[in-house]
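Below: data.json (JSON, C-alpha atoms)
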[["chain", "number", "residue", "atom", "x", "y", "z"],
["I", 1, "MET", "CA", 27.90, -6.26, 16.93],
["I", 2, "LYS", "CA", 28.93, -3.75, 14.28],
["I", 3, "LEU", "CA", 29.42, -6.51, 11.74],
["I", 4, "GLU", "CA", 25.92, -7.81, 12.46],
["I", 5, "ALA", "CA", 24.51, -4.30, 12.09],
["I", 6, "ARG", "CA", 26.25, -3.89, 8.76],
["I", 7, "LEU", "CA", 24.92, -7.23, 7.56],
["I", 8, "VAL", "CA", 21.40, -6.28, 8.60],
["I", 9, "SER", "CA", 21.85, -2.93, 6.86],
["I", 10, "LEU", "CA", 23.02, -4.60, 3.70],
["I", 11, "LEU", "CA", 20.07, -6.98, 3.82],
["I", 12, "LEU", "CA", 17.64, -4.06, 4.22],
["I", 13, "ILE", "CA", 19.17, -2.27, 1.26],
["I", 14, "LEU", "CA", 18.99, -5.41, -0.86],
["I", 15, "LEU", "CA", 15.36, -5.92, 0.08],
["I", 16, "LEU", "CA", 14.59, -2.30, -0.72],
["I", 17, "ALA", "CA", 16.28, -2.59, -4.08],
["I", 18, "GLY", "CA", 14.17, -5.68, -4.74],
["I", 19, "SER", "CA", 13.65, -6.84, -8.26],
["I", 20, "SER", "CA", 15.91, -4.26, -9.90],
["I", 21, "ILE", "CA", 18.92, -6.22, -8.58],
["I", 22, "ALA", "CA", 17.67, -9.31, -10.37],
["I", 23, "GLY", "CA", 17.69, -7.35, -13.63],
["I", 24, "GLU", "CA", 13.94, -6.83, -13.65],
["I", 25, "PRO", "CA", 12.53, -3.36, -14.18],
["I", 26, "ASP", "CA", 11.23, -1.52, -11.16],
["I", 27, "TRP", "CA", 7.53, -0.70, -10.74],
["I", 28, "PHE", "CA", 7.68, 2.71, -12.42],
["I", 29, "THR", "CA", 9.65, 1.45, -15.41],
["I", 30, "ARG", "CA", 7.26, -1.45, -15.84],
["I", 31, "VAL", "CA", 4.20, 0.86, -15.69],
["I", 32, "LYS", "CA", 5.74, 3.29, -18.16],
["I", 33, "ARG", "CA", 6.78, 0.51, -20.53],
["I", 34, "ASP", "CA", 3.82, -1.87, -20.27],
["I", 35, "GLY", "CA", 0.96, 0.13, -18.72],
["I", 36, "ILE", "CA", -0.56, -0.13, -15.27],
["I", 37, "GLU", "CA", -2.80, -3.11, -15.98],
["I", 38, "ALA", "CA", 0.07, -5.19, -17.35],
["I", 39, "ALA", "CA", 2.34, -4.16, -14.47],
["I", 40, "CYS", "CA", -0.37, -5.08, -11.97],
["I", 41, "GLY", "CA", -0.91, -8.39, -13.74],
["I", 42, "ILE", "CA", 2.76, -9.19, -13.27],
["I", 43, "TYR", "CA", 2.72, -8.28, -9.57],
["I", 44, "VAL", "CA", -0.44, -10.30, -8.97],
["I", 45, "ALA", "CA", 1.02, -13.32, -10.78],
["I", 46, "ARG", "CA", 4.20, -13.00, -8.71],
["I", 47, "HIS", "CA", 2.10, -12.75, -5.54],
["I", 48, "GLU", "CA", 0.05, -15.81, -6.45],
["I", 49, "SER", "CA", 3.21, -17.80, -7.12],
["I", 50, "GLY", "CA", 4.62, -16.82, -3.73],
["I", 51, "VAL", "CA", 7.38, -14.56, -5.07],
["I", 52, "GLU", "CA", 5.81, -11.22, -4.13],
["I", 53, "PRO", "CA", 4.82, -10.88, -0.45],
["I", 54, "ASP", "CA", 1.58, -9.31, 0.75],
["I", 55, "SER", "CA", 1.80, -5.54, 0.51],
["I", 56, "LEU", "CA", -0.41, -2.50, 0.12],
["I", 57, "HIS", "CA", 0.91, -2.36, -3.42],
["I", 58, "VAL", "CA", -0.19, -5.92, -4.25],
["I", 59, "GLY", "CA", -3.64, -5.30, -2.74],
["I", 60, "ARG", "CA", -3.99, -2.19, -4.89],
["I", 61, "CYS", "CA", -3.03, -4.20, -7.98],
["I", 62, "TYR", "CA", -5.79, -6.69, -7.28],
["I", 63, "PHE", "CA", -8.22, -3.76, -7.02],
["I", 64, "LEU", "CA", -7.00, -2.20, -10.26],
["I", 65, "LEU", "CA", -7.63, -5.53, -11.97],
["I", 66, "GLY", "CA", -11.17, -5.63, -10.52],
["I", 67, "ARG", "CA", -10.32, -8.57, -8.23],
["I", 68, "TYR", "CA", -11.63, -6.97, -5.04],
["I", 69, "GLU", "CA", -12.14, -10.11, -2.93],
["I", 70, "GLU", "CA", -8.51, -11.10, -3.40],
["I", 71, "GLY", "CA", -7.33, -7.56, -2.69],
["I", 72, "ILE", "CA", -9.42, -7.46, 0.48],
["I", 73, "ALA", "CA", -7.86, -10.76, 1.59],
["I", 74, "VAL", "CA", -4.36, -9.28, 1.15],
["I", 75, "TYR", "CA", -5.36, -6.15, 3.08],
["I", 76, "ALA", "CA", -6.97, -8.22, 5.85],
["I", 77, "ARG", "CA", -3.66, -9.99, 6.45],
["I", 78, "LEU", "CA", -1.87, -6.64, 6.49],
["I", 79, "THR", "CA", -4.15, -5.24, 9.22],
["I", 80, "ARG", "CA", -2.17, -7.43, 11.65],
["I", 81, "SER", "CA", 1.01, -5.47, 10.92],
["I", 82, "PRO", "CA", 2.80, -4.08, 13.99],
["I", 83, "ASP", "CA", 3.21, -0.84, 12.01],
["I", 84, "ARG", "CA", 0.03, 1.03, 12.94],
["I", 85, "ASN", "CA", 0.17, 3.28, 9.87],
["I", 86, "TYR", "CA", 0.46, 0.29, 7.58],
["I", 87, "ALA", "CA", -2.39, -1.53, 9.36],
["I", 88, "ALA", "CA", -4.56, 1.61, 9.18],
["I", 89, "ALA", "CA", -3.94, 2.00, 5.45],
["I", 90, "ALA", "CA", -4.81, -1.67, 4.89],
["I", 91, "LEU", "CA", -8.07, -1.35, 6.84],
["I", 92, "ALA", "CA", -9.01, 1.79, 4.90],
["I", 93, "ARG", "CA", -8.36, 0.02, 1.60],
["I", 94, "MET", "CA", -10.49, -2.91, 2.74],
["I", 95, "GLY", "CA", -13.36, -0.46, 3.14],
["I", 96, "GLU", "CA", -12.79, 0.78, -0.38],
["I", 97, "GLY", "CA", -12.86, -2.79, -1.68],
["I", 98, "TYR", "CA", -16.09, -3.56, 0.14],
["I", 99, "PHE", "CA", -17.64, -0.47, -1.42],
["I", 100, "HIS", "CA", -16.63, -1.62, -4.90],
["I", 101, "LEU", "CA", -18.34, -4.94, -4.18],
["I", 102, "GLY", "CA", -21.54, -3.18, -3.10],
["I", 103, "ARG", "CA", -21.06, -4.21, 0.54],
["I", 104, "ARG", "CA", -21.75, -0.75, 1.92],
["I", 105, "GLU", "CA", -22.21, -1.72, 5.57],
["I", 106, "ASP", "CA", -18.96, -3.70, 5.57],
["I", 107, "ALA", "CA", -17.27, -0.68, 3.99],
["I", 108, "ARG", "CA", -18.68, 1.67, 6.63],
["I", 109, "GLU", "CA", -17.55, -0.69, 9.40],
["I", 110, "ALA", "CA", -14.00, -0.90, 8.00],
["I", 111, "PHE", "CA", -13.75, 2.89, 7.75],
["I", 112, "ARG", "CA", -15.14, 3.32, 11.28],
["I", 113, "GLN", "CA", -12.73, 0.74, 12.69],
["I", 114, "CYS", "CA", -9.82, 2.51, 11.02],
["I", 115, "ILE", "CA", -10.80, 5.85, 12.57],
["I", 116, "ASP", "CA", -11.45, 4.32, 16.00],
["I", 117, "ARG", "CA", -8.37, 2.07, 16.16],
["I", 118, "TYR", "CA", -5.85, 4.39, 14.54],
["I", 119, "PRO", "CA", -6.71, 8.01, 15.31],
["I", 120, "GLU", "CA", -3.01, 8.91, 15.10],
["I", 121, "ALA", "CA", -2.36, 7.10, 11.81],
["I", 122, "TRP", "CA", -0.23, 8.95, 9.30],
["I", 123, "LEU", "CA", 1.07, 12.26, 10.48],
["I", 124, "ASP", "CA", -0.54, 14.07, 7.58],
["I", 125, "GLY", "CA", -3.95, 12.55, 8.39],
["I", 126, "SER", "CA", -4.49, 11.27, 4.87],
["I", 127, "VAL", "CA", -5.75, 7.82, 5.88],
["I", 128, "LEU", "CA", -8.25, 9.23, 8.37],
["I", 129, "GLU", "CA", -9.45, 11.85, 5.88],
["I", 130, "PHE", "CA", -9.80, 9.10, 3.29],
["I", 131, "CYS", "CA", -12.02, 7.14, 5.72],
["I", 132, "ARG", "CA", -14.06, 10.19, 6.70],
["I", 133, "ALA", "CA", -14.66, 11.08, 3.06],
["I", 134, "TRP", "CA", -15.87, 7.56, 2.30],
["I", 135, "ILE", "CA", -18.20, 7.61, 5.31],
["I", 136, "ARG", "CA", -19.64, 10.93, 4.07],
["I", 137, "LYS", "CA", -20.10, 9.30, 0.67],
["I", 138, "LEU", "CA", -21.85, 6.34, 2.25],
["I", 139, "ASP", "CA", -24.07, 8.69, 4.27],
["I", 140, "GLY", "CA", -24.99, 10.59, 1.12],
["I", 141, "SER", "CA", -23.43, 13.87, 2.22],
["I", 142, "LEU", "CA", -20.53, 13.72, -0.24],
["I", 143, "ARG", "CA", -21.23, 13.49, -3.94],
["I", 144, "ILE", "CA", -18.50, 11.68, -5.80],
["I", 145, "ARG", "CA", -18.69, 9.47, -8.84],
["I", 146, "GLU", "CA", -19.77, 5.93, -8.04],
["I", 147, "SER", "CA", -16.76, 3.65, -8.04],
["I", 148, "ARG", "CA", -16.50, 0.98, -10.65],
["I", 149, "PRO", "CA", -13.62, -0.75, -12.35],
["I", 150, "VAL", "CA", -12.19, 1.66, -14.88],
["I", 151, "SER", "CA", -9.06, 1.75, -16.91],
["I", 152, "PRO", "CA", -6.68, 3.28, -14.35],
["I", 153, "GLN", "CA", -4.53, 6.26, -15.24],
["I", 154, "VAL", "CA", -1.23, 7.03, -13.57],
["I", 155, "SER", "CA", -0.59, 10.73, -13.25],
["I", 156, "VAL", "CA", 2.69, 12.49, -12.69],
["I", 157, "GLU", "CA", 1.35, 13.46, -9.25],
["I", 158, "ASP", "CA", 0.72, 9.78, -8.39],
["I", 159, "VAL", "CA", 4.27, 8.90, -9.36],
["I", 160, "ARG", "CA", 5.64, 11.90, -7.42],
["I", 161, "ARG", "CA", 3.78, 10.79, -4.27],
["I", 162, "GLU", "CA", 5.06, 7.24, -4.62],
["I", 163, "VAL", "CA", 8.63, 8.47, -5.10],
["I", 164, "GLU", "CA", 8.31, 10.72, -2.03],
["I", 165, "ALA", "CA", 7.01, 7.80, 0.03],
["I", 166, "LEU", "CA", 9.89, 5.61, -1.14],
["I", 167, "GLU", "CA", 12.42, 8.36, -0.38],
["I", 168, "LYS", "CA", 10.93, 8.77, 3.10],
["I", 169, "ARG", "CA", 11.17, 5.03, 3.72],
["I", 170, "LEU", "CA", 14.77, 5.02, 2.46],
["I", 171, "ARG", "CA", 15.63, 7.86, 4.90],
["I", 172, "GLU", "CA", 14.04, 5.85, 7.71],
["I", 173, "LEU", "CA", 16.09, 2.79, 6.76],
["I", 174, "ARG", "CA", 19.28, 4.86, 6.63],
["I", 175, "GLU", "CA", 18.53, 6.29, 10.08],
["I", 176, "LEU", "CA", 17.94, 2.77, 11.38],
["I", 177, "MET", "CA", 21.24, 1.66, 9.89],
["I", 178, "GLU", "CA", 23.05, 4.58, 11.51],
["I", 179, "ARG", "CA", 21.50, 3.79, 14.91],
["I", 180, "MET", "CA", 22.40, 0.14, 14.54],
["I", 181, "SER", "CA", 25.99, 0.88, 13.56],
["I", 182, "SER", "CA", 26.47, 3.35, 16.41],
["I", 183, "GLY", "CA", 25.20, 0.80, 18.93],
["I", 184, "ASP", "CA", 22.11, 2.74, 20.09]]

File written out as C-alpha cells:
Amino acid sequence: MKLEARLVSLLLILLLAGSSIAGEPDWFTRVKRDGIEAACGIYVARHESGVEPDSLHVGRCYFLLGRYEEGIAVYARLTRSPDRNYAAAALARMGEGYFHLGRREDAREAFRQCIDRYPEAWLDGSVLEFCRAWIRKLDGSLRIRESRPVSPQVSVEDVRREVEALEKRLRELRELMERMSSGD
C-alpha cells in the first residue's frame, strides 16, 4: 500500500509540475516573456488540440481572447466537478461570459444558481461576492465600467494571488500525500 501511495504522490507532483518538466516555460514565465494574449493563445491552441485539459485557467484564456462562447463551454463542463468550489467558480465565470455576450438574463441566472447551489463556496467568500456584485450591476445598483474585450493587464497583485492559490493547492497535495503514506 505504501508503494502505491508513493506512486500516486509522485504522479500528483508530476501533474502539478506540468509543462515545466517537458522543458516548456510555466504560465508566469510565458506571460512575462510573451505577454498575456500570446500566452493565452498558446493555452487555447493546446486545449483545442487536446493537450491542455478543461480548466478555469483555459476558460479564462478564451475570455481574454474575446472567445466567450468557447470559454462558457469549458466552464459549463467544469460545473460538473465534484469539487464544489471549482464548480462554483466555473458557474460564476459562465455568468461573466454571458454578460460579455450581452445575454444579461442568462448571466443573472448563472450568478443566482451559483449563490443558491454553493452558499459555502470558497472560505473567503470571493466567488459569492463576485456573483452578488454582478447581480447588483445587472440590477443597476452598482456602477462599474461596462465590460468589453480589452487588452488585459497582469498586475503584480494578480500574480501574487495566483502564486498563493498554487501554494495552497501544493500544501493540500502534500497533506494528501502524507495521509496516503501514513495509511489514513

Query raised in the report: Interatomic distance between CA of Glu109 (chain I) and CA of Leu64 (chain I)?
Result: 22.4 Å

Query - Spatial neighbours of Cys61 (chain I), 9 Å, all atoms listed in the file, chain gap at least 5 places, as number ranges by chain - result: I: 36-37, 39-41, 43-44, 56, 66-67, 71

Report summary line: The distance between CA of Arg77 (chain I) and CA of Arg112 (chain I) is 18.2 Å

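Here CA of Val159 (chain I) stands at a distance of 7.7 Å from CA of Phe28 (chain I).
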